[in-house]
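Trainee: Below you'll find model-v6.pdb; it's PDB, C-alpha atoms and all ligand atoms.
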```pdb
ATOM      1  CA  MET A 154     -30.345  32.548   2.040
ATOM      2  CA  THR A 155     -32.963  30.265   0.327
ATOM      3  CA  THR A 156     -33.175  28.375  -2.999
ATOM      4  CA  ALA A 157     -36.298  27.758  -5.141
ATOM      5  CA  VAL A 158     -37.224  24.819  -2.891
ATOM      6  CA  GLN A 159     -36.721  26.839   0.283
ATOM      7  CA  ILE A 160     -33.462  25.253   1.397
ATOM      8  CA  LYS A 161     -32.208  27.354   4.297
ATOM      9  CA  THR A 162     -28.441  27.678   4.380
ATOM     10  CA  ARG A 163     -25.619  29.556   6.036
ATOM     11  CA  GLU A 164     -22.068  29.763   4.738
ATOM     12  CA  LEU A 165     -19.456  27.510   6.296
ATOM     13  CA  LYS A 166     -16.891  30.196   5.546
ATOM     14  CA  PRO A 167     -17.366  33.432   3.613
ATOM     15  CA  GLY A 168     -17.733  32.406  -0.048
ATOM     16  CA  PHE A 169     -17.365  28.669   0.595
ATOM     17  CA  GLY A 170     -19.617  25.806   1.665
ATOM     18  CA  ALA A 171     -23.138  25.768   3.029
ATOM     19  CA  GLU A 172     -24.620  24.410   6.216
ATOM     20  CA  ILE A 173     -28.127  23.200   5.328
ATOM     21  CA  LEU A 174     -30.578  23.922   8.113
ATOM     22  CA  ASP A 175     -33.843  22.244   9.128
ATOM     23  CA  VAL A 176     -33.567  19.229   6.813
ATOM     24  CA  ASP A 177     -33.948  15.687   8.157
ATOM     25  CA  LEU A 178     -32.450  13.640   5.317
ATOM     26  CA  ALA A 179     -34.078  10.376   6.390
ATOM     27  CA  ARG A 180     -37.546  11.941   5.989
ATOM     28  CA  ALA A 181     -37.029  14.641   3.324
ATOM     29  CA  ASP A 182     -39.189  14.654   0.181
ATOM     30  CA  ALA A 183     -37.792  14.512  -3.374
ATOM     31  CA  ASP A 184     -37.931  18.309  -3.943
ATOM     32  CA  THR A 185     -36.014  19.004  -0.754
ATOM     33  CA  LEU A 186     -33.391  16.395  -1.652
ATOM     34  CA  ALA A 187     -33.040  17.954  -5.118
ATOM     35  CA  GLY A 188     -32.450  21.300  -3.383
ATOM     36  CA  VAL A 189     -29.749  19.725  -1.218
ATOM     37  CA  VAL A 190     -27.984  18.333  -4.311
ATOM     38  CA  ASP A 191     -28.214  21.690  -6.084
ATOM     39  CA  THR A 192     -26.786  23.478  -3.030
ATOM     40  CA  PHE A 193     -23.869  21.055  -3.010
ATOM     41  CA  HIS A 194     -22.937  21.682  -6.650
ATOM     42  CA  ARG A 195     -22.899  25.444  -6.162
ATOM     43  CA  HIS A 196     -21.046  25.702  -2.845
ATOM     44  CA  GLY A 197     -18.161  23.193  -2.860
ATOM     45  CA  ALA A 198     -19.275  21.540   0.405
ATOM     46  CA  ILE A 199     -22.378  20.992   2.519
ATOM     47  CA  LEU A 200     -22.915  20.204   6.177
ATOM     48  CA  LEU A 201     -26.078  18.775   7.739
ATOM     49  CA  ARG A 202     -26.112  18.295  11.499
ATOM     50  CA  GLY A 203     -28.198  16.009  13.705
ATOM     51  CA  GLN A 204     -28.903  13.323  11.090
ATOM     52  CA  GLY A 205     -29.908   9.754  11.957
ATOM     53  CA  MET A 206     -29.069   7.620   8.927
ATOM     54  CA  THR A 207     -28.792   3.851   8.507
ATOM     55  CA  PRO A 208     -26.040   2.585   6.167
ATOM     56  CA  ALA A 209     -28.688   1.823   3.505
ATOM     57  CA  GLN A 210     -30.064   5.383   3.774
ATOM     58  CA  LEU A 211     -26.534   6.777   3.410
ATOM     59  CA  VAL A 212     -26.075   4.777   0.190
ATOM     60  CA  ASP A 213     -29.439   5.987  -1.163
ATOM     61  CA  PHE A 214     -28.512   9.564  -0.320
ATOM     62  CA  VAL A 215     -25.074   9.517  -1.962
ATOM     63  CA  ALA A 216     -26.683   7.903  -5.053
ATOM     64  CA  LEU A 217     -28.528  11.211  -5.605
ATOM     65  CA  PHE A 218     -25.122  12.720  -6.473
ATOM     66  CA  GLY A 219     -23.880   9.920  -8.744
ATOM     67  CA  GLU A 220     -23.319   6.194  -8.812
ATOM     68  CA  PRO A 221     -21.798   5.115  -5.477
ATOM     69  CA  GLU A 222     -18.109   4.225  -5.948
ATOM     70  CA  ASP A 223     -16.380   1.074  -4.683
ATOM     71  CA  HIS A 224     -13.470   1.198  -2.258
ATOM     72  CA  THR A 225      -9.933   0.029  -2.918
ATOM     73  CA  GLN A 226      -9.321  -1.364   0.614
ATOM     74  CA  LYS A 227     -12.273  -3.758   0.745
ATOM     75  CA  GLN A 228     -11.275  -5.160   4.156
ATOM     76  CA  PHE A 229     -12.604  -1.976   5.778
ATOM     77  CA  THR A 230     -16.048  -1.780   4.196
ATOM     78  CA  LEU A 231     -19.060  -2.261   6.468
ATOM     79  CA  PRO A 232     -20.206  -5.914   6.437
ATOM     80  CA  GLY A 233     -23.224  -6.181   4.109
ATOM     81  CA  HIS A 234     -22.654  -2.637   2.750
ATOM     82  CA  PRO A 235     -19.757  -2.663   0.253
ATOM     83  CA  LYS A 236     -20.218   1.030  -0.642
ATOM     84  CA  VAL A 237     -19.778   2.134   3.001
ATOM     85  CA  PHE A 238     -16.142   2.430   4.104
ATOM     86  CA  VAL A 239     -15.384   2.538   7.822
ATOM     87  CA  LEU A 240     -12.812   4.914   9.297
ATOM     88  CA  SER A 241     -12.154   3.872  12.882
ATOM     89  CA  ASN A 242      -9.613   3.102  15.582
ATOM     90  CA  ARG A 243     -11.916   0.459  17.126
ATOM     91  CA  GLU A 244     -11.006  -3.207  17.189
ATOM     92  CA  VAL A 245     -13.468  -6.068  17.573
ATOM     93  CA  ASP A 246     -12.047  -9.497  18.561
ATOM     94  CA  GLY A 247      -8.543  -8.079  18.049
ATOM     95  CA  LYS A 248      -9.257  -6.954  14.478
ATOM     96  CA  PRO A 249      -9.603  -3.334  13.305
ATOM     97  CA  ILE A 250     -13.119  -2.579  12.066
ATOM     98  CA  GLY A 251     -11.906   0.289   9.882
ATOM     99  CA  ALA A 252      -8.939   2.233   8.544
ATOM    100  CA  HIS A 253      -7.292   4.421  11.195
ATOM    101  CA  ASN A 254      -6.086   7.938  10.286
ATOM    102  CA  ASP A 255      -6.682   7.054   6.645
ATOM    103  CA  GLY A 256      -7.261  10.603   5.415
ATOM    104  CA  VAL A 257      -4.503  12.518   7.213
ATOM    105  CA  GLY A 258      -2.485  14.652   4.754
ATOM    106  CA  TRP A 259      -3.872  17.142   2.208
ATOM    107  CA  HIS A 260      -5.324  15.326  -0.789
ATOM    108  CA  THR A 261      -8.275  14.879  -3.114
ATOM    109  CA  ASP A 262      -9.864  11.446  -3.136
ATOM    110  CA  TYR A 263      -9.009   8.848  -5.790
ATOM    111  CA  SER A 264      -6.683  11.282  -7.592
ATOM    112  CA  TYR A 265      -4.769   8.190  -8.728
ATOM    113  CA  LYS A 266      -7.748   7.098 -10.854
ATOM    114  CA  ALA A 267      -8.572   8.249 -14.412
ATOM    115  CA  GLN A 268     -11.996   9.309 -13.093
ATOM    116  CA  PRO A 269     -11.536  10.416  -9.480
ATOM    117  CA  VAL A 270     -14.588  10.417  -7.209
ATOM    118  CA  MET A 271     -16.770  13.505  -7.572
ATOM    119  CA  CYS A 272     -17.746  13.817  -3.916
ATOM    120  CA  THR A 273     -16.876  12.405  -0.526
ATOM    121  CA  MET A 274     -19.413  12.088   2.267
ATOM    122  CA  LEU A 275     -18.511  11.495   5.904
ATOM    123  CA  TYR A 276     -21.131  10.550   8.490
ATOM    124  CA  ALA A 277     -20.069  10.816  12.144
ATOM    125  CA  VAL A 278     -20.960   7.706  14.171
ATOM    126  CA  GLU A 279     -18.747   8.451  17.207
ATOM    127  CA  VAL A 280     -16.293  11.321  17.651
ATOM    128  CA  PRO A 281     -13.607  12.377  20.137
ATOM    129  CA  ASP A 282     -14.244  15.349  22.440
ATOM    130  CA  GLU A 283     -11.171  17.032  20.932
ATOM    131  CA  GLY A 284      -9.046  16.675  17.783
ATOM    132  CA  SER A 285      -9.961  14.775  14.612
ATOM    133  CA  ASP A 286     -11.327  17.869  12.836
ATOM    134  CA  THR A 287     -11.665  17.633   9.063
ATOM    135  CA  LEU A 288     -10.210  20.549   7.061
ATOM    136  CA  LEU A 289     -11.400  21.566   3.588
ATOM    137  CA  ALA A 290      -9.425  23.898   1.310
ATOM    138  CA  ASP A 291     -11.240  25.927  -1.353
ATOM    139  CA  GLY A 292      -9.362  25.552  -4.669
ATOM    140  CA  CYS A 293     -11.482  28.165  -6.496
ATOM    141  CA  ALA A 294     -10.738  30.881  -3.942
ATOM    142  CA  ALA A 295      -7.028  29.977  -4.080
ATOM    143  CA  TRP A 296      -7.021  30.131  -7.901
ATOM    144  CA  ASN A 297      -8.863  33.461  -7.906
ATOM    145  CA  ALA A 298      -6.322  34.894  -5.463
ATOM    146  CA  LEU A 299      -3.415  34.305  -7.870
ATOM    147  CA  SER A 300      -2.245  37.093 -10.161
ATOM    148  CA  PRO A 301      -3.184  36.774 -13.864
ATOM    149  CA  GLU A 302       0.535  36.247 -14.669
ATOM    150  CA  ARG A 303       0.809  33.373 -12.195
ATOM    151  CA  GLN A 304      -2.448  31.861 -13.469
ATOM    152  CA  LYS A 305      -1.048  31.923 -17.012
ATOM    153  CA  GLU A 306       2.138  30.133 -15.889
ATOM    154  CA  LEU A 307       0.178  27.367 -14.148
ATOM    155  CA  ASP A 308      -2.733  26.810 -16.514
ATOM    156  CA  GLY A 309      -2.066  23.824 -18.770
ATOM    157  CA  LEU A 310       0.390  22.070 -16.407
ATOM    158  CA  ARG A 311      -0.312  18.390 -15.727
ATOM    159  CA  LEU A 312       0.496  16.213 -12.730
ATOM    160  CA  HIS A 313       1.497  12.563 -12.687
ATOM    161  CA  HIS A 314      -0.375  10.607  -9.961
ATOM    162  CA  SER A 315       0.591   7.137  -8.752
ATOM    163  CA  TYR A 316      -1.311   4.827  -6.393
ATOM    164  CA  GLN A 317       1.761   2.596  -5.991
ATOM    165  CA  HIS A 318       3.862   5.578  -4.930
ATOM    166  CA  PHE A 319       1.126   6.695  -2.516
ATOM    167  CA  MET A 320       0.791   3.315  -0.801
ATOM    168  CA  ALA A 321       4.567   2.881  -0.541
ATOM    169  CA  THR A 322       5.282   6.273   1.000
ATOM    170  CA  ARG A 323       2.319   7.507   3.027
ATOM    171  CA  GLU A 324       2.954   8.652   6.574
ATOM    172  CA  PHE A 325      -0.418   7.773   8.148
ATOM    173  CA  GLY A 326      -2.930   4.993   7.597
ATOM    174  CA  GLY A 327      -0.383   2.214   6.961
ATOM    175  CA  ARG A 328       1.988   1.526   4.080
ATOM    176  CA  GLN A 329       1.224  -1.524   1.982
ATOM    177  CA  GLU A 330       2.864  -3.921  -0.460
ATOM    178  CA  LEU A 331       0.258  -4.042  -3.191
ATOM    179  CA  SER A 332      -1.083  -7.233  -4.730
ATOM    180  CA  ASP A 333      -0.679  -7.703  -8.503
ATOM    181  CA  GLU A 334      -4.442  -7.196  -8.788
ATOM    182  CA  LEU A 335      -4.331  -3.807  -7.028
ATOM    183  CA  LYS A 336      -1.369  -2.732  -9.197
ATOM    184  CA  ARG A 337      -3.233  -3.775 -12.346
ATOM    185  CA  ASP A 338      -6.428  -1.986 -11.275
ATOM    186  CA  ASN A 339      -4.621   1.248 -10.391
ATOM    187  CA  PRO A 340      -2.198   2.272 -13.166
ATOM    188  CA  ASP A 341      -0.561   5.719 -13.004
ATOM    189  CA  VAL A 342      -2.572   8.627 -14.447
ATOM    190  CA  GLU A 343      -2.095  12.295 -15.416
ATOM    191  CA  HIS A 344      -4.474  15.091 -14.422
ATOM    192  CA  PRO A 345      -4.541  18.877 -14.923
ATOM    193  CA  LEU A 346      -3.150  21.065 -12.146
ATOM    194  CA  ILE A 347      -5.961  23.548 -12.763
ATOM    195  CA  ARG A 348      -9.383  21.889 -12.873
ATOM    196  CA  THR A 349     -12.543  23.249 -14.493
ATOM    197  CA  HIS A 350     -15.851  22.691 -12.674
ATOM    198  CA  PRO A 351     -18.390  21.193 -15.105
ATOM    199  CA  ALA A 352     -21.363  22.887 -13.366
ATOM    200  CA  ASP A 353     -20.363  26.452 -14.290
ATOM    201  CA  GLY A 354     -16.809  26.508 -15.670
ATOM    202  CA  ARG A 355     -15.216  27.891 -12.498
ATOM    203  CA  LYS A 356     -11.548  27.022 -12.155
ATOM    204  CA  ALA A 357      -9.791  25.525  -9.156
ATOM    205  CA  LEU A 358      -6.217  24.977  -8.134
ATOM    206  CA  TRP A 359      -6.085  21.166  -7.950
ATOM    207  CA  PRO A 360      -2.740  19.857  -6.663
ATOM    208  CA  SER A 361      -2.524  17.033  -4.113
ATOM    209  CA  THR A 362       0.008  15.350  -1.862
ATOM    210  CA  GLY A 363       0.801  11.675  -1.560
ATOM    211  CA  THR A 364      -0.046  10.564  -5.084
ATOM    212  CA  VAL A 365       1.858  13.175  -7.141
ATOM    213  CA  THR A 366       5.278  12.083  -8.403
ATOM    214  CA  GLU A 367       6.030  14.889 -10.859
ATOM    215  CA  VAL A 368       4.799  17.850 -12.850
ATOM    216  CA  VAL A 369       4.803  16.487 -16.398
ATOM    217  CA  GLY A 370       7.759  17.881 -18.364
ATOM    218  CA  MET A 371       9.433  19.475 -15.310
ATOM    219  CA  GLU A 372      12.438  17.938 -13.590
ATOM    220  CA  ASN A 373      12.400  17.095  -9.915
ATOM    221  CA  PRO A 374      12.970  18.547  -7.385
ATOM    222  CA  LYS A 375      11.639  21.662  -9.188
ATOM    223  CA  GLY A 376       8.319  20.004 -10.076
ATOM    224  CA  LEU A 377       7.568  18.639  -6.624
ATOM    225  CA  GLU A 378       8.682  21.906  -5.033
ATOM    226  CA  LEU A 379       6.101  23.689  -7.162
ATOM    227  CA  VAL A 380       3.390  21.233  -6.041
ATOM    228  CA  ASP A 381       4.403  21.698  -2.379
ATOM    229  CA  GLU A 382       4.326  25.479  -2.780
ATOM    230  CA  LEU A 383       0.829  25.385  -4.307
ATOM    231  CA  VAL A 384      -0.531  22.980  -1.670
ATOM    232  CA  GLU A 385       0.879  25.238   1.051
ATOM    233  CA  PHE A 386      -0.752  28.271  -0.550
ATOM    234  CA  MET A 387      -4.144  26.619  -1.092
ATOM    235  CA  THR A 388      -4.231  25.189   2.435
ATOM    236  CA  SER A 389      -3.308  28.449   4.126
ATOM    237  CA  GLU A 390      -5.792  29.996   6.547
ATOM    238  CA  PRO A 391      -7.742  32.262   4.129
ATOM    239  CA  PHE A 392      -8.879  29.274   2.056
ATOM    240  CA  VAL A 393      -9.536  26.660   4.756
ATOM    241  CA  PHE A 394     -12.720  25.613   6.571
ATOM    242  CA  ARG A 395     -12.203  23.582   9.774
ATOM    243  CA  HIS A 396     -15.041  21.243  10.716
ATOM    244  CA  LYS A 397     -15.429  20.216  14.355
ATOM    245  CA  TRP A 398     -17.442  17.005  14.458
ATOM    246  CA  GLN A 399     -20.605  16.123  16.359
ATOM    247  CA  VAL A 400     -22.276  12.714  16.208
ATOM    248  CA  GLY A 401     -24.890  12.736  13.406
ATOM    249  CA  ASP A 402     -23.028  15.247  11.210
ATOM    250  CA  ILE A 403     -22.913  14.689   7.485
ATOM    251  CA  LEU A 404     -20.150  16.632   5.726
ATOM    252  CA  MET A 405     -19.833  16.321   1.944
ATOM    253  CA  TRP A 406     -17.286  18.005  -0.236
ATOM    254  CA  ASP A 407     -16.790  18.401  -3.946
ATOM    255  CA  ASN A 408     -13.450  16.837  -4.849
ATOM    256  CA  ARG A 409     -13.398  18.764  -8.152
ATOM    257  CA  CYS A 410     -12.565  22.022  -6.383
ATOM    258  CA  THR A 411     -11.228  21.191  -2.902
ATOM    259  CA  LEU A 412      -8.441  19.462  -0.999
ATOM    260  CA  HIS A 413      -9.098  17.940   2.406
ATOM    261  CA  THR A 414      -7.310  16.378   5.328
ATOM    262  CA  GLY A 415      -8.229  14.595   8.519
ATOM    263  CA  THR A 416      -6.349  15.556  11.686
ATOM    264  CA  LEU A 417      -4.931  13.412  14.471
ATOM    265  CA  TYR A 418      -6.522  12.829  17.890
ATOM    266  CA  ASP A 419      -5.625  11.070  21.104
ATOM    267  CA  ASP A 420      -6.487   7.519  20.112
ATOM    268  CA  THR A 421      -5.454   6.182  23.531
ATOM    269  CA  LYS A 422      -8.317   8.179  25.034
ATOM    270  CA  TYR A 423     -11.014   8.405  22.348
ATOM    271  CA  PHE A 424     -12.786   6.407  19.677
ATOM    272  CA  ARG A 425     -13.652   7.859  16.304
ATOM    273  CA  THR A 426     -15.859   5.999  13.836
ATOM    274  CA  MET A 427     -17.029   7.514  10.569
ATOM    275  CA  HIS A 428     -18.832   6.097   7.560
ATOM    276  CA  ARG A 429     -17.382   7.300   4.265
ATOM    277  CA  LEU A 430     -19.141   7.109   0.917
ATOM    278  CA  TRP A 431     -18.167   8.269  -2.544
ATOM    279  CA  ALA A 432     -20.051   9.126  -5.726
ATOM    280  CA  LYS A 433     -18.302   8.480  -9.032
ATOM    281  CA  GLY A 434     -16.865  11.369 -11.029
ATOM    282  CA  ASP A 435     -15.693  12.278 -14.534
ATOM    283  CA  ALA A 436     -12.260  12.678 -16.113
ATOM    284  CA  PRO A 437     -10.865  16.042 -14.913
ATOM    285  CA  TYR A 438     -10.238  18.775 -17.510
TER     286      TYR A 438
HETATM  287  C1  LIG B   1     -10.809  11.248   4.284
HETATM  288  O1  LIG B   1      -9.851  11.862   3.862
HETATM  289  O2  LIG B   1     -11.472  10.567   3.524
HETATM  290  C2  LIG B   1     -11.194  11.289   5.745
HETATM  291  C3  LIG B   1     -10.916  12.562   6.450
HETATM  292  C4  LIG B   1     -11.210  12.458   7.928
HETATM  293  O3  LIG B   1     -11.213  11.341   8.465
HETATM  294  O4  LIG B   1     -11.421  13.484   8.558
END
```
The structure given in the file should be rewritten as structure tokens.

Mentor:
Amino acid sequence: MTTAVQIKTRELKPGFGAEILDVDLARADADTLAGVVDTFHRHGAILLRGQGMTPAQLVDFVALFGEPEDHTQKQFTLPGHPKVFVLSNREVDGKPIGAHNDGVGWHTDYSYKAQPVMCTMLYAVEVPDEGSDTLLADGCAAWNALSPERQKELDGLRLHHSYQHFMATREFGGRQELSDELKRDNPDVEHPLIRTHPADGRKALWPSTGTVTEVVGMENPKGLELVDELVEFMTSEPFVFRHKWQVGDILMWDNRCTLHTGTLYDDTKYFRTMHRLWAKGDAPY
């Protein structure tokens, strides 16, 4: 398949995601980069293999999608590059250089913010020989697979998201007592359970785990059971793409219509270091 600017792609999974072929991002011209951005907005996720990008080039690239977003845990940003967050199990001089297993558990990034990040980009610096795959779940395909009656029941429901709840309860990546500043900067928010994509109006199932404390207007445990049921459905095999990493891969996904999770690996045997960048997003509707 090709676009107007001759971007060669192949699907990551039938109906979801695109691997972009024969593009060297560090040397691509403006038309090619515009084609890459366009491909992203239409496919939910893009993959480019074999890239050689400096941190500054990564920031310039993500800026094509929107203003680069800051990170909440500033201790793990790359020195000199505040928009580049490091995921790693490496330690230098006894100190971790990044967050370890930070993204394990199905979620959508920054769902605890009024304007969650639009996209997430991961760049593979070093990867284990096995494990540590990243999984993406296609919320549009999951929504489209529901019966019209079920869609009607779910449309209009809202979820309550809480950063404080997330940081106090998460299983991987370290629980934290939050400073007053972090609490002030991250008040609870509500978002729709069914999200509309601004590019073309397509709808996506948009639950999450970790940050959700209730379905607004529904008592627990019923509300959280509904969220669990929908996450389980959306992350079942028919809707999931599994990415096996190689050094130099760039994987980007559209948080407006996907959930994602990292997976564990043998961290006594392997190192994994990834650079993560975000572009700002809009208020979900
Ligand atoms: C993330 O959720 O941001 C990271 C996922 C991964 O490390 O595979």

Trainee: Give me the result of the PyMOL selection byres (((chain A and resi 296) around 10) and not hetatm) on this file, residue by residue, as a ChimeraX atom specification.

Mentor: /A:291-295,297-301,303-304,307,347-348,355-359,383,386-387,410

Trainee: Which one of A:Pro232, A:Tyr438, A:His260, A:Lys266 sits closest to A:Gly354 if you count all atoms listed in the file?

Mentor: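 Counting all atoms listed in the file, the residue closest to A:Gly354 is A:Tyr438.
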
Trainee: Work out how far apart atom CA of A:Leu240 and atom CA of A:Asp381 are and give it in Å to one decimal.

Mentor: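 These two atoms are separated by 26.7 Å.
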
Trainee: Quick one: which chain A residues come within 10 Å of ligand LIG 1 (chain B), and what is the nearest atom pair for each with the distance in Å to one decimal, counting all atoms listed in the file, rows ordered by chain and ascending number, as JSON lines?

Mentor:
```
{"residue": "A:Phe238", "atom": "CA", "partner": "B:LIG1", "partner_atom": "O2", "distance": 9.4}
{"residue": "A:Val239", "atom": "CA", "partner": "B:LIG1", "partner_atom": "O3", "distance": 9.8}
{"residue": "A:Leu240", "atom": "CA", "partner": "B:LIG1", "partner_atom": "O3", "distance": 6.7}
{"residue": "A:Ser241", "atom": "CA", "partner": "B:LIG1", "partner_atom": "O3", "distance": 8.7}
{"residue": "A:Ala252", "atom": "CA", "partner": "B:LIG1", "partner_atom": "O3", "distance": 9.4}
{"residue": "A:His253", "atom": "CA", "partner": "B:LIG1", "partner_atom": "O3", "distance": 8.4}
{"residue": "A:Asn254", "atom": "CA", "partner": "B:LIG1", "partner_atom": "O3", "distance": 6.4}
{"residue": "A:Asp255", "atom": "CA", "partner": "B:LIG1", "partner_atom": "C2", "distance": 6.3}
{"residue": "A:Gly256", "atom": "CA", "partner": "B:LIG1", "partner_atom": "O1", "distance": 3.3}
{"residue": "A:Val257", "atom": "CA", "partner": "B:LIG1", "partner_atom": "O1", "distance": 6.3}
{"residue": "A:Gly258", "atom": "CA", "partner": "B:LIG1", "partner_atom": "O1", "distance": 7.9}
{"residue": "A:Trp259", "atom": "CA", "partner": "B:LIG1", "partner_atom": "O1", "distance": 8.1}
{"residue": "A:His260", "atom": "CA", "partner": "B:LIG1", "partner_atom": "O1", "distance": 7.4}
{"residue": "A:Thr261", "atom": "CA", "partner": "B:LIG1", "partner_atom": "O1", "distance": 7.8}
{"residue": "A:Asp262", "atom": "CA", "partner": "B:LIG1", "partner_atom": "O2", "distance": 6.9}
{"residue": "A:Tyr263", "atom": "CA", "partner": "B:LIG1", "partner_atom": "O2", "distance": 9.8}
{"residue": "A:Thr273", "atom": "CA", "partner": "B:LIG1", "partner_atom": "O2", "distance": 7.0}
{"residue": "A:Met274", "atom": "CA", "partner": "B:LIG1", "partner_atom": "O2", "distance": 8.2}
{"residue": "A:Leu275", "atom": "CA", "partner": "B:LIG1", "partner_atom": "C2", "distance": 7.3}
{"residue": "A:Tyr276", "atom": "CA", "partner": "B:LIG1", "partner_atom": "O3", "distance": 9.9}
{"residue": "A:Ala277", "atom": "CA", "partner": "B:LIG1", "partner_atom": "O3", "distance": 9.6}
{"residue": "A:Ser285", "atom": "CA", "partner": "B:LIG1", "partner_atom": "O4", "distance": 6.4}
{"residue": "A:Asp286", "atom": "CA", "partner": "B:LIG1", "partner_atom": "O4", "distance": 6.1}
{"residue": "A:Thr287", "atom": "CA", "partner": "B:LIG1", "partner_atom": "O4", "distance": 4.2}
{"residue": "A:Leu288", "atom": "CA", "partner": "B:LIG1", "partner_atom": "O4", "distance": 7.3}
{"residue": "A:Leu289", "atom": "CA", "partner": "B:LIG1", "partner_atom": "C3", "distance": 9.5}
{"residue": "A:His396", "atom": "CA", "partner": "B:LIG1", "partner_atom": "O4", "distance": 8.8}
{"residue": "A:Lys397", "atom": "CA", "partner": "B:LIG1", "partner_atom": "O4", "distance": 9.7}
{"residue": "A:Trp398", "atom": "CA", "partner": "B:LIG1", "partner_atom": "O4", "distance": 9.1}
{"residue": "A:Leu404", "atom": "CA", "partner": "B:LIG1", "partner_atom": "O4", "distance": 9.7}
{"residue": "A:Leu412", "atom": "CA", "partner": "B:LIG1", "partner_atom": "O1", "distance": 9.1}
{"residue": "A:His413", "atom": "CA", "partner": "B:LIG1", "partner_atom": "O1", "distance": 6.3}
{"residue": "A:Thr414", "atom": "CA", "partner": "B:LIG1", "partner_atom": "C3", "distance": 5.4}
{"residue": "A:Gly415", "atom": "CA", "partner": "B:LIG1", "partner_atom": "O4", "distance": 3.4}
{"residue": "A:Thr416", "atom": "CA", "partner": "B:LIG1", "partner_atom": "O4", "distance": 6.3}
{"residue": "A:Leu417", "atom": "CA", "partner": "B:LIG1", "partner_atom": "O4", "distance": 8.8}
{"residue": "A:Arg425", "atom": "CA", "partner": "B:LIG1", "partner_atom": "O3", "distance": 8.9}
{"residue": "A:Thr426", "atom": "CA", "partner": "B:LIG1", "partner_atom": "O3", "distance": 8.9}
{"residue": "A:Met427", "atom": "CA", "partner": "B:LIG1", "partner_atom": "O3", "distance": 7.3}
{"residue": "A:His428", "atom": "CA", "partner": "B:LIG1", "partner_atom": "O3", "distance": 9.3}
{"residue": "A:Arg429", "atom": "CA", "partner": "B:LIG1", "partner_atom": "O2", "distance": 6.8}
{"residue": "A:Leu430", "atom": "CA", "partner": "B:LIG1", "partner_atom": "O2", "distance": 8.8}
{"residue": "A:Trp431", "atom": "CA", "partner": "B:LIG1", "partner_atom": "O2", "distance": 9.3}
```

Trainee: Export C-alpha atoms of the chosen residues as an mmCIF file, keeping the file's coordinate frame?

Mentor:
```cif
data_model
loop_
_atom_site.group_PDB
_atom_site.id
_atom_site.type_symbol
_atom_site.label_atom_id
_atom_site.label_comp_id
_atom_site.auth_asym_id
_atom_site.auth_seq_id
_atom_site.Cartn_x
_atom_site.Cartn_y
_atom_site.Cartn_z
ATOM 1 C CA PHE A 238 -16.142 2.430 4.104
ATOM 2 C CA VAL A 239 -15.384 2.538 7.822
ATOM 3 C CA LEU A 240 -12.812 4.914 9.297
ATOM 4 C CA SER A 241 -12.154 3.872 12.882
ATOM 5 C CA ALA A 252 -8.939 2.233 8.544
ATOM 6 C CA HIS A 253 -7.292 4.421 11.195
ATOM 7 C CA ASN A 254 -6.086 7.938 10.286
ATOM 8 C CA ASP A 255 -6.682 7.054 6.645
ATOM 9 C CA GLY A 256 -7.261 10.603 5.415
ATOM 10 C CA VAL A 257 -4.503 12.518 7.213
ATOM 11 C CA GLY A 258 -2.485 14.652 4.754
ATOM 12 C CA TRP A 259 -3.872 17.142 2.208
ATOM 13 C CA HIS A 260 -5.324 15.326 -0.789
ATOM 14 C CA THR A 261 -8.275 14.879 -3.114
ATOM 15 C CA ASP A 262 -9.864 11.446 -3.136
ATOM 16 C CA TYR A 263 -9.009 8.848 -5.790
ATOM 17 C CA THR A 273 -16.876 12.405 -0.526
ATOM 18 C CA MET A 274 -19.413 12.088 2.267
ATOM 19 C CA LEU A 275 -18.511 11.495 5.904
ATOM 20 C CA TYR A 276 -21.131 10.550 8.490
ATOM 21 C CA ALA A 277 -20.069 10.816 12.144
ATOM 22 C CA SER A 285 -9.961 14.775 14.612
ATOM 23 C CA ASP A 286 -11.327 17.869 12.836
ATOM 24 C CA THR A 287 -11.665 17.633 9.063
ATOM 25 C CA LEU A 288 -10.210 20.549 7.061
ATOM 26 C CA LEU A 289 -11.400 21.566 3.588
ATOM 27 C CA HIS A 396 -15.041 21.243 10.716
ATOM 28 C CA LYS A 397 -15.429 20.216 14.355
ATOM 29 C CA TRP A 398 -17.442 17.005 14.458
ATOM 30 C CA LEU A 404 -20.150 16.632 5.726
ATOM 31 C CA LEU A 412 -8.441 19.462 -0.999
ATOM 32 C CA HIS A 413 -9.098 17.940 2.406
ATOM 33 C CA THR A 414 -7.310 16.378 5.328
ATOM 34 C CA GLY A 415 -8.229 14.595 8.519
ATOM 35 C CA THR A 416 -6.349 15.556 11.686
ATOM 36 C CA LEU A 417 -4.931 13.412 14.471
ATOM 37 C CA ARG A 425 -13.652 7.859 16.304
ATOM 38 C CA THR A 426 -15.859 5.999 13.836
ATOM 39 C CA MET A 427 -17.029 7.514 10.569
ATOM 40 C CA HIS A 428 -18.832 6.097 7.560
ATOM 41 C CA ARG A 429 -17.382 7.300 4.265
ATOM 42 C CA LEU A 430 -19.141 7.109 0.917
ATOM 43 C CA TRP A 431 -18.167 8.269 -2.544
#
```

Trainee: To one decimal in Å, tell me the separation between atom CA of A:Asp223 and atom CA of A:Lys236.

Mentor: 5.6 Å

Trainee: Care to translate the PyMOL selection byres (((chain A and resi 379) around 12) and not hetatm) into actual residues of this file, as a list in words?

Mentor: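 Going through the file, the PyMOL selection byres (((chain A and resi 379) around 12) and not hetatm) ends up selecting Glu306, Leu307, Leu310, Arg311, Leu312, Leu346, Pro360, Ser361, Thr362, Val365, Thr366, Glu367, Val368, Val369, Met371, Glu372, Asn373, Pro374, Lys375, Gly376, Leu377, Glu378, Val380, Asp381, Glu382, Leu383, Val384, Glu385 and Phe386 of chain A.
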